[in-house]
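J.: Supplied structure: coords.txt, compact mmCIF, C-alpha atoms.
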# COMPACT_ATOMS: atom_id res chain seq x y z
CA MET C 8 0.00 0.00 0.00
CA ARG C 9 2.82 2.37 0.94
CA ASN C 10 4.62 1.65 -2.37
CA ALA C 11 1.44 2.38 -4.32
CA LYS C 12 1.08 5.75 -2.53
CA LEU C 13 4.76 6.54 -3.11
CA ASN C 14 4.45 5.65 -6.82
CA LYS C 15 1.35 7.85 -7.11
CA ASN C 16 3.25 10.83 -5.60
CA ILE C 17 6.21 10.22 -7.90
CA PHE C 18 3.85 10.14 -10.88
CA LYS C 19 2.24 13.44 -9.74
CA ASN C 20 5.69 15.07 -9.44
CA ILE C 21 6.75 13.80 -12.85
CA SER C 22 3.49 15.09 -14.36
CA PHE C 23 3.96 18.45 -12.65
CA PHE C 24 7.54 18.84 -13.90
CA SER C 25 6.54 17.66 -17.37
CA CYS C 26 3.93 20.43 -17.49
CA ILE C 27 6.48 23.02 -16.37
CA TYR C 28 8.99 21.76 -18.95
CA GLU C 29 6.41 21.82 -21.75
CA THR C 30 5.29 25.34 -20.80
CA HIS C 31 8.87 26.66 -20.85
CA ARG C 32 9.70 24.78 -24.06
CA THR C 33 6.63 26.19 -25.80
CA SER C 34 7.41 29.70 -24.54
CA LEU C 35 11.02 29.43 -25.70
CA TYR C 36 10.01 28.25 -29.18
CA GLU C 37 7.44 31.04 -29.45
CA ASP C 38 10.12 33.61 -28.50
CA ILE C 39 12.47 32.15 -31.14
CA ARG C 40 9.66 32.19 -33.76
CA ILE C 41 8.89 35.85 -33.01
CA GLU C 42 12.61 36.77 -33.21
CA LYS C 43 12.86 35.06 -36.60
CA ILE C 44 9.76 36.91 -37.84
CA MET C 45 11.26 40.21 -36.70
CA GLU C 46 14.45 39.39 -38.65
CA LEU C 47 12.45 38.93 -41.85
CA LYS C 48 12.71 41.87 -44.18
CA PRO C 49 10.05 41.50 -46.86
CA THR C 50 10.93 43.09 -50.18
CA GLU C 51 8.67 45.68 -51.79
CA SER C 52 7.08 43.03 -54.04
CA GLU C 53 6.57 40.69 -51.10
CA LEU C 54 4.88 43.51 -49.18
CA GLU C 55 2.50 44.07 -52.11
CA ILE C 56 1.58 40.38 -52.00
CA LEU C 57 1.19 40.48 -48.23
CA GLN C 58 -1.18 43.46 -48.56
CA VAL C 59 -3.47 41.32 -50.72
CA ILE C 60 -3.28 38.34 -48.34
CA TRP C 61 -3.94 40.52 -45.26
CA LYS C 62 -6.97 42.00 -47.02
CA LYS C 63 -8.42 38.63 -48.07
CA GLY C 64 -7.25 36.46 -45.15
CA GLN C 65 -6.13 33.57 -47.31
CA CYS C 66 -5.99 33.25 -51.04
CA THR C 67 -4.63 31.46 -54.07
CA VAL C 68 -1.83 32.65 -56.32
CA ARG C 69 -4.50 33.51 -58.90
CA ASP C 70 -6.33 35.72 -56.34
CA VAL C 71 -3.12 37.60 -55.59
CA HIS C 72 -2.14 37.87 -59.25
CA GLU C 73 -5.53 39.27 -60.27
CA GLU C 74 -5.42 41.86 -57.50
CA LEU C 75 -1.86 42.93 -58.36
CA ALA C 76 -2.67 43.07 -62.09
CA LYS C 77 -5.14 45.91 -61.41
CA ASN C 78 -2.24 48.27 -60.64
CA LYS C 79 0.85 46.66 -62.09
CA ASP C 80 2.00 44.54 -65.00
CA ALA C 81 3.07 41.30 -63.34
CA GLY C 82 3.10 37.82 -64.85
CA TYR C 83 1.34 34.94 -63.14
CA THR C 84 4.54 32.88 -62.96
CA THR C 85 6.35 35.82 -61.32
CA THR C 86 3.65 36.03 -58.64
CA LEU C 87 3.81 32.25 -58.17
CA LYS C 88 7.61 32.28 -57.81
CA LEU C 89 7.51 35.18 -55.33
CA MET C 90 4.91 33.40 -53.22
CA GLN C 91 7.00 30.21 -53.26
CA ILE C 92 10.01 32.23 -52.07
CA MET C 93 7.84 33.86 -49.39
CA HIS C 94 6.82 30.39 -48.23
CA ASP C 95 10.45 29.31 -48.06
CA LYS C 96 11.30 32.45 -46.07
CA GLY C 97 8.47 31.82 -43.61
CA LEU C 98 6.41 34.87 -44.56
CA VAL C 99 3.41 32.79 -45.63
CA GLU C 100 2.13 29.28 -45.06
CA ARG C 101 0.70 27.16 -47.82
CA ASP C 102 -2.23 24.75 -47.47
CA THR C 103 -1.65 22.00 -50.00
CA THR C 104 -4.59 19.77 -49.05
CA ALA C 105 -6.60 20.89 -52.09
CA LYS C 106 -5.56 21.04 -55.74
CA THR C 107 -5.44 24.84 -55.54
CA HIS C 108 -3.03 25.88 -52.81
CA LEU C 109 -4.17 28.49 -50.31
CA TYR C 110 -1.69 30.95 -48.85
CA LYS C 111 -2.00 32.68 -45.48
CA ALA C 112 0.30 35.33 -43.97
CA LEU C 113 2.57 34.25 -41.11
CA ILE C 114 3.73 37.79 -40.46
CA SER C 115 1.27 40.41 -39.25
CA ARG C 116 0.85 43.84 -40.79
CA GLU C 117 2.30 45.34 -37.58
CA GLN C 118 5.37 43.10 -37.73
CA ALA C 119 5.95 44.02 -41.37
CA GLN C 120 5.54 47.73 -40.60
CA SER C 121 8.01 47.49 -37.73
CA SER C 122 10.51 45.66 -39.93
CA ALA C 123 10.11 48.19 -42.76
CA ILE C 124 10.47 51.19 -40.43
CA ASP C 125 13.60 49.69 -38.84
CA LYS C 126 15.07 49.16 -42.31
CA ILE C 127 14.27 52.74 -43.38
CA ILE C 128 15.57 54.30 -40.15
CA ASN C 129 18.81 52.34 -40.30
CA THR C 130 19.52 52.72 -44.01
CA VAL C 131 18.04 56.04 -45.07
CA PHE C 132 18.17 58.03 -41.82
CA LYS C 133 21.35 56.49 -40.36
CA GLY C 134 19.52 55.43 -37.20
CA SER C 135 17.88 58.81 -36.50
CA THR C 136 14.22 58.47 -35.59
CA ALA C 137 13.96 62.26 -35.26
CA ASP C 138 15.09 62.76 -38.87
CA LEU C 139 12.46 60.25 -40.03
CA VAL C 140 9.66 62.03 -38.15
CA ILE C 141 10.79 65.50 -39.30
CA GLN C 142 10.96 64.30 -42.92
CA ALA C 143 7.56 62.57 -42.69
CA LEU C 144 5.84 65.61 -41.20
CA GLY C 145 7.59 67.94 -43.66
CA GLN C 146 6.51 65.91 -46.69
CA HIS C 147 2.94 65.10 -45.69
CA ARG C 148 0.63 67.49 -43.90
CA ALA C 149 -0.76 65.76 -40.80
CA SER C 150 -4.35 66.46 -39.79
CA ASN C 151 -5.10 68.01 -36.40
CA ASP C 152 -6.36 64.64 -35.19
CA GLU C 153 -3.11 62.97 -36.27
CA LEU C 154 -1.06 65.69 -34.56
CA ASP C 155 -3.10 65.21 -31.37
CA GLU C 156 -2.47 61.48 -31.57
CA ILE C 157 1.29 62.09 -32.01
CA ARG C 158 1.35 64.50 -29.01
CA LYS C 159 -0.54 61.97 -26.89
CA TYR C 160 1.92 59.25 -27.84
CA LEU C 161 4.96 61.46 -27.09
CA LYS C 162 3.63 62.36 -23.61
CA GLN C 163 4.17 58.71 -22.62
CA PHE C 164 7.92 59.31 -22.85
CA GLU C 165 8.06 62.64 -21.02
CA GLY C 166 9.26 62.56 -17.44
Rewrite the coordinates I just gave you, this time as structure tokens.

T.:
Amino acid sequence: MRNAKLNKNIFKNISFFSCIYETHRTSLYEDIRIEKIMELKPTESELEILQVIWKKGQCTVRDVHEELAKNKDAGYTTTLKLMQIMHDKGLVERDTTAKTHLYKALISREQAQSSAIDKIINTVFKGSTADLVIQALGQHRASNDELDEIRKYLKQFEG
């Protein structure tokens, strides 16, 4: 009887530590996945494709091609190849269960925007966020609502 009780407690401890291990392992892999996503730097063409996918949720190469063809002369095979590259890079996932493959974005609009802004700040503005903001406000007239939103955001950083 005592051995059965001891074995039951050992099993509970093993289960408890297994749960802790699995939680930490999952958290670690999620952190690594997010870091990899943040390292991705979609090209301009890839961003155009992502815009279509974000708008539609998931779509075929034909869906993307038809949407892009409204504003740009792009061949179907070019769109296909770009989407295959995007899949290889981890920007999109591809559902191959049906004859027509469906693509879905693996990177959010916010992640892509953050990546693009980082790239612009570091390459064009030599790391100066202030220069970026001054240039943006100098080139495009912000509405009063937008200026209020900017002021509200900046107050978070004031001491």

J.: Taking all atoms listed in the file into account, which of C:Arg69, C:Lys126, C:Lys162, C:Lys77 comes nearest His108 of chain C?

T.: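 With all atoms listed in the file as the atom set, the closest residue is C:Arg69.
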
J.: Quick one: everything within 10 Å of Leu87 of chain C, counting all atoms listed in the file, minus sequence neighbours fewer than 3 positions away in the same chain. Send it as a list in words.

T.: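 Once the nearby chain positions are removed, what remains is Thr67, Val68, Arg69, Val71, His72, Gly82, Tyr83, Thr84, Met90, Gln91, Ile92 and Met93 of chain C.
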
J.: For a quick check of understanding, using all atoms listed in the file, which of C:Asp152, C:Asp138, C:Thr86, C:Thr30 has the smallest distance to Glu55 of chain C?

T.: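 Comparing C:Asp152, C:Asp138, C:Thr86, C:Thr30 against Glu55 of chain C, the winner is C:Thr86.
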
J.: Here is a test: counting only C-alpha atoms, which residue of C:Lys79, C:Leu98, C:Glu51, C:Gly145 is nearest to Lys111 of chain C?

T.: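 The shortest atom-to-atom distance to Lys111 of chain C comes from C:Leu98.
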
J.: Got a sec: who's within 12 Å of Val99 of chain C, counting only C-alpha atoms, leaving out chain neighbours fewer than 6 positions off, as a JSON list (two decimals) with C-alpha atoms, in the frame of the given file?

T.:
[["chain", "number", "residue", "atom", "x", "y", "z"],
["C", 44, "ILE", "CA", 9.76, 36.91, -37.84],
["C", 47, "LEU", "CA", 12.45, 38.93, -41.85],
["C", 49, "PRO", "CA", 10.05, 41.50, -46.86],
["C", 53, "GLU", "CA", 6.57, 40.69, -51.10],
["C", 54, "LEU", "CA", 4.88, 43.51, -49.18],
["C", 56, "ILE", "CA", 1.58, 40.38, -52.00],
["C", 57, "LEU", "CA", 1.19, 40.48, -48.23],
["C", 58, "GLN", "CA", -1.18, 43.46, -48.56],
["C", 60, "ILE", "CA", -3.28, 38.34, -48.34],
["C", 61, "TRP", "CA", -3.94, 40.52, -45.26],
["C", 64, "GLY", "CA", -7.25, 36.46, -45.15],
["C", 65, "GLN", "CA", -6.13, 33.57, -47.31],
["C", 66, "CYS", "CA", -5.99, 33.25, -51.04],
["C", 67, "THR", "CA", -4.63, 31.46, -54.07],
["C", 68, "VAL", "CA", -1.83, 32.65, -56.32],
["C", 89, "LEU", "CA", 7.51, 35.18, -55.33],
["C", 90, "MET", "CA", 4.91, 33.40, -53.22],
["C", 91, "GLN", "CA", 7.00, 30.21, -53.26],
["C", 92, "ILE", "CA", 10.01, 32.23, -52.07],
["C", 93, "MET", "CA", 7.84, 33.86, -49.39],
["C", 108, "HIS", "CA", -3.03, 25.88, -52.81],
["C", 109, "LEU", "CA", -4.17, 28.49, -50.31],
["C", 110, "TYR", "CA", -1.69, 30.95, -48.85],
["C", 111, "LYS", "CA", -2.00, 32.68, -45.48],
["C", 112, "ALA", "CA", 0.30, 35.33, -43.97],
["C", 113, "LEU", "CA", 2.57, 34.25, -41.11],
["C", 114, "ILE", "CA", 3.73, 37.79, -40.46],
["C", 115, "SER", "CA", 1.27, 40.41, -39.25]]

J.: How many Å lie between atom CA of His147 of chain C and atom CA of Gln120 of chain C, rounded to one decimal?

T.: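 Value for the atom CA of His147 of chain C-atom CA of Gln120 of chain C distance: 18.3 Å.
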
J.: Quick one: axis-aligned box around all listed atoms of segment 106-116 of chain C, 8 Å on every side, centre and edge lengths in Å to one decimal, written as lines of an AutoDock Vina configuration file.

T.:
center_x = -0.9
center_y = 32.4
center_z = -47.5
size_x = 25.3
size_y = 38.8
size_z = 32.5

J.: Work out how far apart atom CA of Arg158 of chain C and atom CA of Val140 of chain C are and give it in Å to one decimal.

T.: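 If I compute the distance from atom CA of Arg158 of chain C to atom CA of Val140 of chain C, I get 12.6 Å.
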
J.: At a cut-off of 12 Å, using all atoms listed in the file, what residues contact Leu139 of chain C? Leave out same-chain residues fewer than 4 positions from it and give the result as number ranges by chain.

T.: C: 124-135, 143-146

J.: In Å, how far is it from atom CA of Gln142 of chain C to atom CA of Lys62 of chain C?

T.: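 Answer for the atom CA of Gln142 of chain C to atom CA of Lys62 of chain C separation: 28.9 Å.
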
J.: For segment 50-79 of chain C, which lacks atoms in the input, supply N, CA and C atoms and format the output as a short mmCIF file (atom, residue, chain, number, x, y, z; two decimals), in the coordinates of the input.

T.:
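Writing done, so here's result23.cif:
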data_model
loop_
_atom_site.label_atom_id
_atom_site.label_comp_id
_atom_site.auth_asym_id
_atom_site.auth_seq_id
_atom_site.Cartn_x
_atom_site.Cartn_y
_atom_site.Cartn_z
N THR C 50 10.62 42.15 -49.11
CA THR C 50 10.93 43.09 -50.18
C THR C 50 9.67 43.88 -50.53
N GLU C 51 9.82 44.87 -51.38
CA GLU C 51 8.67 45.68 -51.79
C GLU C 51 7.60 44.81 -52.48
N SER C 52 8.03 43.92 -53.35
CA SER C 52 7.08 43.03 -54.04
C SER C 52 6.40 42.09 -53.07
N GLU C 53 7.15 41.58 -52.10
CA GLU C 53 6.57 40.69 -51.10
C GLU C 53 5.55 41.44 -50.24
N LEU C 54 5.84 42.70 -49.94
CA LEU C 54 4.88 43.51 -49.18
C LEU C 54 3.59 43.74 -49.97
N GLU C 55 3.70 43.92 -51.27
CA GLU C 55 2.50 44.07 -52.11
C GLU C 55 1.65 42.81 -52.05
N ILE C 56 2.30 41.66 -52.09
CA ILE C 56 1.58 40.38 -52.00
C ILE C 56 0.96 40.23 -50.61
N LEU C 57 1.72 40.57 -49.59
CA LEU C 57 1.19 40.48 -48.23
C LEU C 57 -0.03 41.38 -48.04
N GLN C 58 -0.02 42.56 -48.66
CA GLN C 58 -1.18 43.46 -48.56
C GLN C 58 -2.44 42.75 -49.06
N VAL C 59 -2.32 42.04 -50.16
CA VAL C 59 -3.47 41.32 -50.72
C VAL C 59 -3.90 40.21 -49.76
N ILE C 60 -2.95 39.46 -49.24
CA ILE C 60 -3.28 38.34 -48.34
C ILE C 60 -3.89 38.86 -47.05
N TRP C 61 -3.35 39.95 -46.49
CA TRP C 61 -3.94 40.52 -45.26
C TRP C 61 -5.38 40.95 -45.51
N LYS C 62 -5.62 41.51 -46.67
CA LYS C 62 -6.97 42.00 -47.02
C LYS C 62 -7.96 40.84 -47.15
N LYS C 63 -7.52 39.75 -47.78
CA LYS C 63 -8.42 38.63 -48.07
C LYS C 63 -8.38 37.53 -47.01
N GLY C 64 -7.37 37.52 -46.17
CA GLY C 64 -7.25 36.46 -45.15
C GLY C 64 -6.41 35.31 -45.65
N GLN C 65 -6.91 34.60 -46.62
CA GLN C 65 -6.13 33.57 -47.31
C GLN C 65 -6.57 33.55 -48.76
N CYS C 66 -5.64 33.21 -49.62
CA CYS C 66 -5.99 33.25 -51.04
C CYS C 66 -5.03 32.41 -51.87
N THR C 67 -5.43 32.22 -53.11
CA THR C 67 -4.63 31.46 -54.07
C THR C 67 -3.66 32.42 -54.78
N VAL C 68 -2.74 31.85 -55.51
CA VAL C 68 -1.83 32.65 -56.32
C VAL C 68 -2.64 33.44 -57.34
N ARG C 69 -3.66 32.82 -57.92
CA ARG C 69 -4.50 33.51 -58.90
C ARG C 69 -5.18 34.73 -58.27
N ASP C 70 -5.70 34.59 -57.04
CA ASP C 70 -6.33 35.72 -56.34
C ASP C 70 -5.35 36.89 -56.21
N VAL C 71 -4.14 36.56 -55.78
CA VAL C 71 -3.12 37.60 -55.59
C VAL C 71 -2.76 38.22 -56.93
N HIS C 72 -2.52 37.38 -57.93
CA HIS C 72 -2.14 37.87 -59.25
C HIS C 72 -3.19 38.82 -59.82
N GLU C 73 -4.45 38.43 -59.73
CA GLU C 73 -5.53 39.27 -60.27
C GLU C 73 -5.61 40.61 -59.56
N GLU C 74 -5.39 40.60 -58.26
CA GLU C 74 -5.42 41.86 -57.50
C GLU C 74 -4.24 42.75 -57.87
N LEU C 75 -3.06 42.16 -58.00
CA LEU C 75 -1.86 42.93 -58.36
C LEU C 75 -1.96 43.46 -59.79
N ALA C 76 -2.57 42.69 -60.67
CA ALA C 76 -2.67 43.07 -62.09
C ALA C 76 -3.52 44.33 -62.29
N LYS C 77 -4.33 44.68 -61.31
CA LYS C 77 -5.14 45.91 -61.41
C LYS C 77 -4.27 47.16 -61.43
N ASN C 78 -3.10 47.09 -60.77
CA ASN C 78 -2.24 48.27 -60.64
C ASN C 78 -0.85 48.11 -61.24
N LYS C 79 -0.53 46.91 -61.68
CA LYS C 79 0.85 46.66 -62.09
C LYS C 79 0.89 45.52 -63.10
#
